[in-house]
Structure formats: C-alpha cells, structure tokens
>>> print(open('coords_11.pdb').read())   # PDB, C-alpha atoms and all ligand atoms
ATOM      1  CA  MET A   1       3.331  82.439 -24.404
ATOM      2  CA  LEU A   2       1.555  79.275 -25.502
ATOM      3  CA  SER A   3      -1.790  78.830 -23.775
ATOM      4  CA  VAL A   4      -3.099  75.254 -23.807
ATOM      5  CA  LYS A   5      -6.799  74.649 -23.103
ATOM      6  CA  ILE A   6      -8.069  71.100 -22.751
ATOM      7  CA  LEU A   7     -11.751  70.197 -23.081
ATOM      8  CA  THR A   8     -12.339  66.871 -21.376
ATOM      9  CA  ALA A   9     -14.910  64.701 -19.610
ATOM     10  CA  CYS A  10     -12.106  63.500 -17.277
ATOM     11  CA  PRO A  11     -10.511  66.664 -15.827
ATOM     12  CA  ASP A  12      -8.828  64.706 -13.025
ATOM     13  CA  MET A  13      -6.513  63.118 -15.604
ATOM     14  CA  PHE A  14      -4.711  66.525 -15.834
ATOM     15  CA  PRO A  15      -2.063  67.826 -15.412
ATOM     16  CA  GLY A  16      -1.085  64.144 -15.135
ATOM     17  CA  SER A  17       2.328  63.677 -16.733
ATOM     18  CA  LEU A  18       2.501  67.369 -17.651
ATOM     19  CA  LYS A  19       3.423  68.468 -14.129
ATOM     20  CA  TYR A  20       6.714  66.553 -14.130
ATOM     21  CA  SER A  21      10.275  67.127 -15.287
ATOM     22  CA  ILE A  22      11.148  69.795 -17.864
ATOM     23  CA  ILE A  23       7.522  70.221 -18.969
ATOM     24  CA  GLY A  24       6.286  70.773 -15.398
ATOM     25  CA  ASN A  25       9.187  73.145 -14.652
ATOM     26  CA  ALA A  26       8.350  75.170 -17.764
ATOM     27  CA  LEU A  27       4.732  75.345 -16.557
ATOM     28  CA  LYS A  28       5.852  76.651 -13.139
ATOM     29  CA  GLN A  29       8.118  79.159 -14.888
ATOM     30  CA  LYS A  30       5.113  80.341 -16.936
ATOM     31  CA  LYS A  31       6.721  79.432 -20.251
ATOM     32  CA  TRP A  32       3.307  77.974 -21.112
ATOM     33  CA  SER A  33      -0.097  77.781 -19.393
ATOM     34  CA  LEU A  34      -2.613  74.982 -18.950
ATOM     35  CA  ASP A  35      -6.370  75.296 -18.354
ATOM     36  CA  ILE A  36      -8.697  72.352 -18.061
ATOM     37  CA  ILE A  37     -12.344  72.743 -19.054
ATOM     38  CA  ASN A  38     -14.699  70.093 -17.702
ATOM     39  CA  LEU A  39     -17.264  69.185 -20.372
ATOM     40  CA  HIS A  40     -19.669  68.143 -17.600
ATOM     41  CA  ASP A  41     -19.894  71.817 -16.515
ATOM     42  CA  TYR A  42     -21.705  72.330 -19.839
ATOM     43  CA  GLY A  43     -23.956  69.251 -19.652
ATOM     44  CA  TYR A  44     -27.422  69.531 -21.181
ATOM     45  CA  ASP A  45     -29.567  68.282 -18.272
ATOM     46  CA  LYS A  46     -29.824  68.328 -14.476
ATOM     47  CA  ARG A  47     -27.409  65.390 -14.288
ATOM     48  CA  LYS A  48     -24.866  67.291 -16.409
ATOM     49  CA  SER A  49     -24.925  64.606 -19.096
ATOM     50  CA  ILE A  50     -22.780  65.288 -22.156
ATOM     51  CA  ASP A  51     -23.468  62.243 -24.330
ATOM     52  CA  ASP A  52     -26.376  60.724 -26.247
ATOM     53  CA  GLU A  53     -27.240  57.751 -28.483
ATOM     54  CA  PRO A  54     -26.069  57.732 -32.124
ATOM     55  CA  PHE A  55     -28.751  58.337 -34.760
ATOM     56  CA  GLY A  56     -29.045  55.300 -37.015
ATOM     57  CA  GLY A  57     -28.182  52.979 -34.155
ATOM     58  CA  GLY A  58     -24.898  51.414 -33.161
ATOM     59  CA  PRO A  59     -22.983  50.778 -29.953
ATOM     60  CA  GLY A  60     -22.011  53.376 -27.375
ATOM     61  CA  MET A  61     -22.727  57.040 -26.881
ATOM     62  CA  LEU A  62     -21.532  60.230 -28.579
ATOM     63  CA  ILE A  63     -20.635  63.605 -27.072
ATOM     64  CA  ARG A  64     -23.237  66.168 -28.137
ATOM     65  CA  PRO A  65     -22.304  69.152 -30.314
ATOM     66  CA  ASP A  66     -24.159  71.699 -28.170
ATOM     67  CA  VAL A  67     -22.107  70.641 -25.146
ATOM     68  CA  VAL A  68     -18.822  71.026 -27.058
ATOM     69  CA  GLU A  69     -19.866  74.455 -28.356
ATOM     70  CA  LYS A  70     -20.850  75.735 -24.892
ATOM     71  CA  ALA A  71     -17.549  74.522 -23.414
ATOM     72  CA  LEU A  72     -15.627  76.175 -26.259
ATOM     73  CA  LEU A  73     -17.505  79.473 -25.887
ATOM     74  CA  SER A  74     -16.463  79.566 -22.218
ATOM     75  CA  ILE A  75     -12.893  80.163 -23.464
ATOM     76  CA  ASP A  76     -11.722  83.490 -24.813
ATOM     77  CA  TYR A  77     -10.803  81.855 -28.098
ATOM     78  CA  GLN A  78     -12.167  84.120 -30.832
ATOM     79  CA  SER A  79      -9.652  86.858 -29.968
ATOM     80  CA  HIS A  80      -6.651  84.557 -30.550
ATOM     81  CA  LEU A  81      -5.611  84.756 -34.189
ATOM     82  CA  ASN A  82      -2.691  82.400 -33.824
ATOM     83  CA  ARG A  83      -4.623  79.410 -32.486
ATOM     84  CA  LYS A  84      -5.528  75.885 -33.462
ATOM     85  CA  LEU A  85      -8.375  73.586 -32.437
ATOM     86  CA  ILE A  86      -7.558  69.904 -32.290
ATOM     87  CA  TYR A  87      -9.824  66.932 -31.749
ATOM     88  CA  LEU A  88      -7.928  63.800 -30.729
ATOM     89  CA  THR A  89      -9.299  60.686 -32.346
ATOM     90  CA  PRO A  90      -7.944  57.454 -33.831
ATOM     91  CA  THR A  91      -9.612  58.490 -37.111
ATOM     92  CA  GLY A  92      -7.493  61.659 -37.430
ATOM     93  CA  LYS A  93      -4.290  62.432 -39.356
ATOM     94  CA  ILE A  94      -1.250  60.832 -37.756
ATOM     95  CA  LEU A  95       0.706  63.272 -35.554
ATOM     96  CA  LYS A  96       4.228  64.022 -36.856
ATOM     97  CA  GLN A  97       7.209  65.868 -35.401
ATOM     98  CA  SER A  98       6.632  68.592 -38.013
ATOM     99  CA  ASN A  99       3.113  69.157 -36.591
ATOM    100  CA  LEU A 100       4.570  69.596 -33.106
ATOM    101  CA  ALA A 101       7.021  72.181 -34.441
ATOM    102  CA  GLU A 102       4.098  74.033 -36.016
ATOM    103  CA  PHE A 103       1.953  73.902 -32.831
ATOM    104  CA  SER A 104       4.838  75.150 -30.681
ATOM    105  CA  GLN A 105       4.680  78.453 -32.650
ATOM    106  CA  LEU A 106       1.028  79.093 -31.707
ATOM    107  CA  ASN A 107      -0.402  81.371 -29.011
ATOM    108  CA  GLN A 108      -3.321  79.093 -28.213
ATOM    109  CA  LEU A 109      -3.870  75.378 -28.583
ATOM    110  CA  ILE A 110      -7.363  74.088 -27.812
ATOM    111  CA  ILE A 111      -7.568  70.320 -27.491
ATOM    112  CA  LEU A 112     -10.804  68.366 -27.349
ATOM    113  CA  CYS A 113     -10.496  64.870 -25.874
ATOM    114  CA  GLY A 114     -12.975  62.252 -27.023
ATOM    115  CA  ARG A 115     -14.534  59.630 -24.735
ATOM    116  CA  PHE A 116     -17.297  57.102 -25.347
ATOM    117  CA  GLU A 117     -17.678  56.238 -29.053
ATOM    118  CA  GLY A 118     -16.718  59.747 -30.190
ATOM    119  CA  ILE A 119     -18.260  63.118 -30.917
ATOM    120  CA  ASP A 120     -21.086  64.317 -33.142
ATOM    121  CA  GLN A 121     -19.447  65.082 -36.523
ATOM    122  CA  ARG A 122     -21.166  68.475 -36.768
ATOM    123  CA  ALA A 123     -19.205  69.746 -33.750
ATOM    124  CA  ILE A 124     -15.926  68.868 -35.496
ATOM    125  CA  GLU A 125     -16.899  70.485 -38.792
ATOM    126  CA  VAL A 126     -18.806  73.560 -37.624
ATOM    127  CA  LEU A 127     -16.390  74.479 -34.841
ATOM    128  CA  LYS A 128     -13.403  73.701 -37.123
ATOM    129  CA  PHE A 129     -11.476  71.122 -35.157
ATOM    130  CA  SER A 130      -8.566  69.388 -36.936
ATOM    131  CA  GLU A 131      -8.743  65.640 -36.304
ATOM    132  CA  ILE A 132      -5.439  64.178 -35.101
ATOM    133  CA  SER A 133      -4.430  60.671 -34.052
ATOM    134  CA  ILE A 134      -1.266  59.792 -32.120
ATOM    135  CA  GLY A 135      -0.991  56.376 -33.780
ATOM    136  CA  ASP A 136      -2.730  53.395 -35.323
ATOM    137  CA  TYR A 137      -4.221  52.009 -32.116
ATOM    138  CA  VAL A 138      -7.303  52.829 -30.078
ATOM    139  CA  LEU A 139      -7.165  54.308 -26.572
ATOM    140  CA  ALA A 140     -10.142  54.637 -24.211
ATOM    141  CA  GLY A 141     -10.123  58.421 -24.673
ATOM    142  CA  GLY A 142      -8.093  61.370 -25.911
ATOM    143  CA  GLU A 143      -6.632  62.459 -22.540
ATOM    144  CA  ILE A 144      -3.392  60.468 -22.741
ATOM    145  CA  ALA A 145      -3.076  61.428 -26.407
ATOM    146  CA  ALA A 146      -3.444  65.100 -25.377
ATOM    147  CA  GLN A 147      -0.595  64.707 -22.900
ATOM    148  CA  VAL A 148       1.547  63.130 -25.611
ATOM    149  CA  LEU A 149       0.822  65.987 -27.998
ATOM    150  CA  VAL A 150       1.358  68.740 -25.419
ATOM    151  CA  GLU A 151       4.590  67.228 -24.057
ATOM    152  CA  GLY A 152       5.991  66.887 -27.570
ATOM    153  CA  CYS A 153       5.091  70.474 -28.290
ATOM    154  CA  ILE A 154       6.271  72.134 -25.054
ATOM    155  CA  ARG A 155       9.774  70.634 -25.190
ATOM    156  CA  LEU A 156      10.251  72.561 -28.453
ATOM    157  CA  LEU A 157       9.537  75.953 -26.835
ATOM    158  CA  PRO A 158      12.599  78.182 -26.440
ATOM    159  CA  GLY A 159      14.350  77.699 -23.082
ATOM    160  CA  VAL A 160      12.554  74.476 -22.115
ATOM    161  CA  LEU A 161      15.270  71.935 -22.997
ATOM    162  CA  GLY A 162      18.530  72.076 -21.052
ATOM    163  CA  HIS A 163      20.509  71.223 -24.220
ATOM    164  CA  PRO A 164      18.634  72.722 -27.176
ATOM    165  CA  GLU A 165      21.337  71.432 -29.562
ATOM    166  CA  SER A 166      19.937  67.925 -28.958
ATOM    167  CA  LEU A 167      16.903  68.977 -31.025
ATOM    168  CA  PHE A 168      19.040  68.918 -34.181
ATOM    169  CA  GLU A 169      20.312  65.385 -33.680
ATOM    170  CA  GLU A 170      17.182  63.637 -32.473
ATOM    171  CA  SER A 171      14.991  61.232 -34.416
ATOM    172  CA  PHE A 172      12.606  62.743 -37.010
ATOM    173  CA  SER A 173      14.453  66.107 -37.182
ATOM    174  CA  SER A 174      15.622  64.541 -40.460
ATOM    175  CA  ASN A 175      14.007  61.414 -41.884
ATOM    176  CA  LEU A 176      16.456  59.283 -39.897
ATOM    177  CA  LEU A 177      16.193  57.652 -36.491
ATOM    178  CA  GLU A 178      18.758  58.787 -33.941
ATOM    179  CA  TYR A 179      21.987  56.743 -33.637
ATOM    180  CA  PRO A 180      22.553  54.536 -30.560
ATOM    181  CA  GLN A 181      24.242  56.165 -27.547
ATOM    182  CA  TYR A 182      26.452  54.761 -24.768
ATOM    183  CA  THR A 183      27.611  55.871 -21.308
ATOM    184  CA  ARG A 184      29.629  54.439 -18.393
ATOM    185  CA  PRO A 185      30.682  51.816 -17.489
ATOM    186  CA  GLN A 186      32.950  51.446 -20.510
ATOM    187  CA  VAL A 187      32.830  47.691 -19.985
ATOM    188  CA  TRP A 188      29.552  46.516 -18.449
ATOM    189  CA  LYS A 189      29.622  43.111 -16.782
ATOM    190  CA  ASP A 190      26.062  41.741 -16.801
ATOM    191  CA  ALA A 191      24.432  39.400 -14.267
ATOM    192  CA  GLN A 192      25.647  36.400 -16.348
ATOM    193  CA  ASN A 193      29.198  37.702 -15.941
ATOM    194  CA  GLU A 194      29.491  38.625 -19.606
ATOM    195  CA  ASP A 195      31.378  41.736 -20.670
ATOM    196  CA  HIS A 196      29.787  44.258 -23.056
ATOM    197  CA  GLU A 197      32.028  47.000 -24.400
ATOM    198  CA  VAL A 198      31.170  50.426 -25.723
ATOM    199  CA  PRO A 199      31.987  50.744 -29.479
ATOM    200  CA  LYS A 200      35.730  51.638 -29.632
ATOM    201  CA  ILE A 201      35.266  54.444 -32.162
ATOM    202  CA  LEU A 202      33.428  56.507 -29.514
ATOM    203  CA  LEU A 203      36.528  56.492 -27.303
ATOM    204  CA  SER A 204      38.865  57.547 -30.130
ATOM    205  CA  GLY A 205      38.396  61.322 -29.866
ATOM    206  CA  HIS A 206      38.167  61.561 -33.697
ATOM    207  CA  HIS A 207      35.168  63.853 -34.028
ATOM    208  CA  GLU A 208      34.823  63.477 -37.799
ATOM    209  CA  ARG A 209      35.017  59.679 -37.673
ATOM    210  CA  ILE A 210      32.557  59.548 -34.788
ATOM    211  CA  LYS A 211      30.153  61.752 -36.752
ATOM    212  CA  GLN A 212      30.449  59.443 -39.790
ATOM    213  CA  TRP A 213      29.964  56.337 -37.624
ATOM    214  CA  ARG A 214      26.844  57.857 -36.069
ATOM    215  CA  THR A 215      25.403  58.738 -39.485
ATOM    216  CA  ASN A 216      26.045  55.161 -40.666
ATOM    217  CA  LYS A 217      24.381  53.770 -37.548
ATOM    218  CA  SER A 218      21.379  56.079 -38.075
ATOM    219  CA  ILE A 219      20.964  54.848 -41.649
ATOM    220  CA  GLU A 220      21.440  51.196 -40.612
ATOM    221  CA  LYS A 221      18.860  51.513 -37.826
ATOM    222  CA  THR A 222      16.360  53.365 -40.014
ATOM    223  CA  LYS A 223      16.690  50.735 -42.798
ATOM    224  CA  LEU A 224      16.011  47.985 -40.283
ATOM    225  CA  ILE A 225      13.238  49.531 -38.185
ATOM    226  CA  ARG A 226      11.619  52.281 -40.319
ATOM    227  CA  PRO A 227      12.415  51.743 -44.024
ATOM    228  CA  ASP A 228       9.324  53.856 -44.786
ATOM    229  CA  LEU A 229      11.220  56.955 -43.551
ATOM    230  CA  LEU A 230      13.970  56.419 -46.153
ATOM    231  CA  GLU A 231      11.387  55.962 -48.903
ATOM    232  CA  LYS A 232       9.834  59.254 -47.826
ATOM    233  CA  GLU A 233      13.231  61.003 -48.022
ATOM    234  CA  LYS A 234      13.708  59.786 -51.627
ATOM    235  CA  LYS A 235      10.349  61.267 -52.594
ATOM    236  CA  GLU A 236      10.904  64.634 -50.846
TER     237      GLU A 236
HETATM  238  N1  LIG A 301      -8.370  58.508 -28.782
HETATM  239  C1  LIG A 301      -8.429  57.158 -28.802
HETATM  240  N2  LIG A 301      -7.422  56.643 -29.486
HETATM  241  C2  LIG A 301      -6.686  57.705 -29.948
HETATM  242  C3  LIG A 301      -5.522  57.816 -30.739
HETATM  243  N3  LIG A 301      -4.889  56.752 -31.246
HETATM  244  N4  LIG A 301      -5.063  59.052 -31.011
HETATM  245  C4  LIG A 301      -5.707  60.141 -30.521
HETATM  246  N5  LIG A 301      -6.801  60.093 -29.777
HETATM  247  C5  LIG A 301      -7.298  58.878 -29.488
END
>>> encode(input="coords_11.pdb", output="structure tokens")
Amino acid sequence: MLSVKILTACPDMFPGSLKYSIIGNALKQKKWSLDIINLHDYGYDKRKSIDDEPFGGGPGMLIRPDVVEKALLSIDYQSHLNRKLIYLTPTGKILKQSNLAEFSQLNQLIILCGRFEGIDQRAIEVLKFSEISIGDYVLAGGEIAAQVLVEGCIRLLPGVLGHPESLFEESFSSNLLEYPQYTRPQVWKDAQNEDHEVPKILLSGHHERIKQWRTNKSIEKTKLIRPDLLEKEKKE
C-alpha cells in the first residue's frame, strides 16, 4: 500500500481535494494512506517558529533545516526502501505523467511543502529531497501542488479507476493529447437557438474508422496546442 506523508506548515489544507471522488473513496478503502505532519510541531522556539531570515539578505523568510529534519525523523522513513522524498518548489524539475507512474509504484512518498520564500538548501541536499515543480508559475506554497501530485499518482493505483482501460487512451500516455469526446444530446440547441451536431463518424458504428478519426484528431490537436510533444516523439 502506498503511504503518503505530507510535511507542511498549513496542515488544515489537507486532505482538501484528496477526500473527494475516486481518490477519497480509495483512501476510505485503504488503498492508500495519508498522514499530515505539522512543521510547527517541530518549531525551534517557544512560539514554534519554523522560519528565519536568509543569510546574505533578501526578502522573506526561509524554513530552517533543523525543523525539516526533526519533522522527517518523526516519521518511520528509514525502514522504507521503496520510498521517495519530494520537495515541491517552482525551481524543481517539471512533473510529468511518467513521474506519476513511477511514484505510484512506491511504498512511501514523503512530500515537503514550501511556504514563505523557500527552504534552506542544506535541508534539500542533506536529507535528499528531489525538487519538483508542477508548472512554470508560482503558487503561495506547495500544498496545492502536493494535492495535484498525489491525485495524479493515486488514480494510477490498481483498482482506483472505474474504467482502467481509459488510462491507455488518455493524454500523455503517448506523446499525444487525447481526442475530443462527445455525448448526448446528438444535436445540441444552444441558447442562441443554434444547432451543434456530434461528428457523424462517431454514430457510424465503424470501429476501425472511428479509431482512425480519433488518432487524426489527436494529432491535429497536439500539433495546434502542444507541438513540443510531437517534437519530443521524433527525438525519442
Ligand atoms: N510552490 C510554489 N509554486 C510551485 C509550483 N509551481 N510547483 C510546485 N510547488 C510550488
């Protein structure tokens, strides 16, 4: 079973989105576990402070390495061979679907959420955290990023998705974006009284032709929105 441990200065932000839908059901069914460790429980003074000023000057405060280490040592983490430590930061490697697939095979995932201006670099290096970013933008802290990472990972665990076959078709399982999908009504009349039909090929019952159409649509969409994915495929 995958055990997820989150180190955070904002424990009330959890389980947050992780208690809902298929991810929350899987948690109730003990297909994975979630423990939240409050960094303030390991604060260095009477006020349970966790941050301090950066040496060399500069704006904001940094989380201290001794606080991170104490919080980490409160977890039984040395005995887990199949584990990974992740620090979420906009300066990390960009998270990819292939990383989520890798993390979903682990026994333990320890996630450190940044706040303030960041964390003392020694904590990251000495305690061996991998630095990961969920995208080229800056959030106020790593907590939402942690929920993104965990949700993406848990849906890949066996028995979590109702239709596991959808994993093969979805975006990023190859270097293509998923094709567009349609449902009822077959003809949708919008508020301006205009009719919008579902592509006829999807009603034809020709499985081979539908498959071909979907592949073409995937390529078309990827060329338009994410040409970088096609370039990557050529190189691989
Ligand atoms: N913390 C702040 N911004 C972040 C990002 N883009 N990814 C991960 N953690 C973050």
>>> atom_distance(input="coords_11.pdb", atom1="atom CA of Val126 of chain A", atom2="atom CA of Tyr87 of chain A")
12.6 Å
>>> resolve_selection(input="coords_11.pdb", expression="the PyMOL selection byres (((chain A and resi 7-24) around 6) and not hetatm)", output="list in words")
Ile6, Asn25, Ala26, Leu27, Ile37, Asn38, Leu39, Leu112 and Cys113 of chain A
>>> write_last_selection(input="coords_11.pdb", atoms="C-alpha atoms", output="compact mmCIF listing (two decimals), in the frame of the given file")
# COMPACT_ATOMS: atom_id res chain seq x y z
CA ILE A 6 -8.07 71.10 -22.75
CA ASN A 25 9.19 73.14 -14.65
CA ALA A 26 8.35 75.17 -17.76
CA LEU A 27 4.73 75.34 -16.56
CA ILE A 37 -12.34 72.74 -19.05
CA ASN A 38 -14.70 70.09 -17.70
CA LEU A 39 -17.26 69.18 -20.37
CA LEU A 112 -10.80 68.37 -27.35
CA CYS A 113 -10.50 64.87 -25.87
>>> axis_aligned_box(input="coords_11.pdb", around="segment 88-104 of chain A", padding_each_side="6 Å", output="lines of an AutoDock Vina configuration file")
center_x = -1.2
center_y = 66.3
center_z = -35.0
size_x = 28.8
size_y = 29.7
size_z = 20.7
>>> residues_near_ligand(input="coords_11.pdb", ligand="ligand LIG 301 (chain A)", cutoff="7 Å", atoms="only C-alpha atoms and all ligand atoms", output="VMD selection string")
chain A and resid 88 to 90 114 132 to 142 145
>>> closest_atom_pairs(input="coords_11.pdb", of="segment 111-204 of chain A", to="segment 44-68 of chain A", cutoff="8 Å", atoms="all atoms listed in the file", output="Markdown table")
| residue | atom | partner | partner_atom | distance |
| --- | --- | --- | --- | --- |
| A:Gly114 | CA | A:Ile63 | CA | 7.8 |
| A:Arg115 | CA | A:Ile63 | CA | 7.6 |
| A:Phe116 | CA | A:Met61 | CA | 5.6 |
| A:Glu117 | CA | A:Gly60 | CA | 5.5 |
| A:Gly118 | CA | A:Leu62 | CA | 5.1 |
| A:Ile119 | CA | A:Ile63 | CA | 4.5 |
| A:Asp120 | CA | A:Pro65 | CA | 5.7 |
| A:Gln121 | CA | A:Pro65 | CA | 8.0 |
| A:Arg122 | CA | A:Pro65 | CA | 6.6 |
| A:Ala123 | CA | A:Pro65 | CA | 4.7 |
>>> residues_around(input="coords_11.pdb", residues="Ser104 of chain A", least_positions_apart="4", cutoff="8 Å", atoms="all atoms listed in the file", output="ChimeraX atom specification")
/A:2,100,153-154,156-157
>>> atom_distance(input="coords_11.pdb", atom1="atom CA of Gln29 of chain A", atom2="atom CA of His163 of chain A")
17.4 Å
>>> closest_residue(input="coords_11.pdb", among="A:Glu178, A:Glu102, A:Glu131, A:Glu169", to="Ile219 of chain A", atoms="all atoms listed in the file")
A:Glu178
>>> resolve_selection(input="coords_11.pdb", expression="the PyMOL selection byres (((chain A and resi 173) around 12) and not hetatm)", output="CSV table (one decimal) with C-alpha atoms, keeping the file's coordinate frame")
chain,number,residue,atom,x,y,z
A,96,LYS,CA,4.2,64.0,-36.9
A,97,GLN,CA,7.2,65.9,-35.4
A,98,SER,CA,6.6,68.6,-38.0
A,99,ASN,CA,3.1,69.2,-36.6
A,100,LEU,CA,4.6,69.6,-33.1
A,101,ALA,CA,7.0,72.2,-34.4
A,156,LEU,CA,10.3,72.6,-28.5
A,165,GLU,CA,21.3,71.4,-29.6
A,166,SER,CA,19.9,67.9,-29.0
A,167,LEU,CA,16.9,69.0,-31.0
A,168,PHE,CA,19.0,68.9,-34.2
A,169,GLU,CA,20.3,65.4,-33.7
A,170,GLU,CA,17.2,63.6,-32.5
A,171,SER,CA,15.0,61.2,-34.4
A,172,PHE,CA,12.6,62.7,-37.0
A,174,SER,CA,15.6,64.5,-40.5
A,175,ASN,CA,14.0,61.4,-41.9
A,176,LEU,CA,16.5,59.3,-39.9
A,177,LEU,CA,16.2,57.7,-36.5
A,178,GLU,CA,18.8,58.8,-33.9
A,229,LEU,CA,11.2,57.0,-43.6
>>> atom_distance(input="coords_11.pdb", atom1="atom CA of Lys232 of chain A", atom2="atom CA of Gln181 of chain A")
25.1 Å
>>> closest_residue(input="coords_11.pdb", among="A:Gly162, A:Pro199, A:Gly92, A:Gly43", to="Glu69 of chain A", atoms="all atoms listed in the file")
A:Gly43
>>> decode(input="coords_11.pdb", residues="segment 42-56 of chain A", atoms="N, CA, C and O atoms", output="tab-separated table (two decimals), in the first residue's frame")
chain	number	residue	atom	x	y	z
A	42	TYR	N	7.46	21.00	15.24
A	42	TYR	CA	8.92	20.83	15.37
A	42	TYR	C	9.63	22.19	15.33
A	42	TYR	O	10.80	22.28	14.99
A	43	GLY	N	8.90	23.25	15.68
A	43	GLY	CA	9.45	24.60	15.70
A	43	GLY	C	10.61	24.71	16.68
A	43	GLY	O	10.72	23.90	17.60
A	44	TYR	N	11.47	25.71	16.45
A	44	TYR	CA	12.73	25.78	17.21
A	44	TYR	C	12.65	26.63	18.46
A	44	TYR	O	13.60	26.71	19.23
A	45	ASP	N	11.51	27.33	18.70
A	45	ASP	CA	11.44	28.16	19.91
A	45	ASP	C	10.08	27.97	20.60
A	45	ASP	O	9.28	27.14	20.18
A	46	LYS	N	9.86	28.77	21.64
A	46	LYS	CA	8.62	28.64	22.42
A	46	LYS	C	7.39	28.90	21.56
A	46	LYS	O	6.33	28.33	21.77
A	47	ARG	N	7.59	29.79	20.55
A	47	ARG	CA	6.45	30.15	19.68
A	47	ARG	C	6.27	29.17	18.53
A	47	ARG	O	5.43	29.37	17.66
A	48	LYS	N	7.09	28.12	18.52
A	48	LYS	CA	7.02	27.09	17.47
A	48	LYS	C	7.29	27.67	16.08
A	48	LYS	O	6.65	27.30	15.09
A	49	SER	N	8.22	28.62	16.04
A	49	SER	CA	8.61	29.21	14.75
A	49	SER	C	9.35	28.17	13.92
A	49	SER	O	10.07	27.32	14.47
A	50	ILE	N	9.21	28.26	12.61
A	50	ILE	CA	9.90	27.31	11.72
A	50	ILE	C	10.79	28.02	10.71
A	50	ILE	O	11.57	27.39	10.03
A	51	ASP	N	10.67	29.35	10.64
A	51	ASP	CA	11.37	30.08	9.58
A	51	ASP	C	12.36	31.09	10.16
A	51	ASP	O	12.33	31.39	11.35
A	52	ASP	N	13.25	31.58	9.30
A	52	ASP	CA	14.25	32.55	9.73
A	52	ASP	C	14.70	33.37	8.52
A	52	ASP	O	14.40	33.00	7.38
A	53	GLU	N	15.47	34.44	8.79
A	53	GLU	CA	15.89	35.34	7.69
A	53	GLU	C	16.98	34.70	6.84
A	53	GLU	O	17.84	33.98	7.35
A	54	PRO	N	17.00	35.01	5.53
A	54	PRO	CA	18.06	34.44	4.68
A	54	PRO	C	19.41	35.11	4.94
A	54	PRO	O	19.48	36.34	5.07
A	55	PHE	N	20.47	34.29	5.05
A	55	PHE	CA	21.82	34.86	5.12
A	55	PHE	C	22.11	35.56	3.80
A	55	PHE	O	21.71	35.09	2.74
A	56	GLY	N	22.81	36.68	3.88
A	56	GLY	CA	23.13	37.44	2.67
A	56	GLY	C	22.05	38.45	2.31
A	56	GLY	O	22.18	39.17	1.32
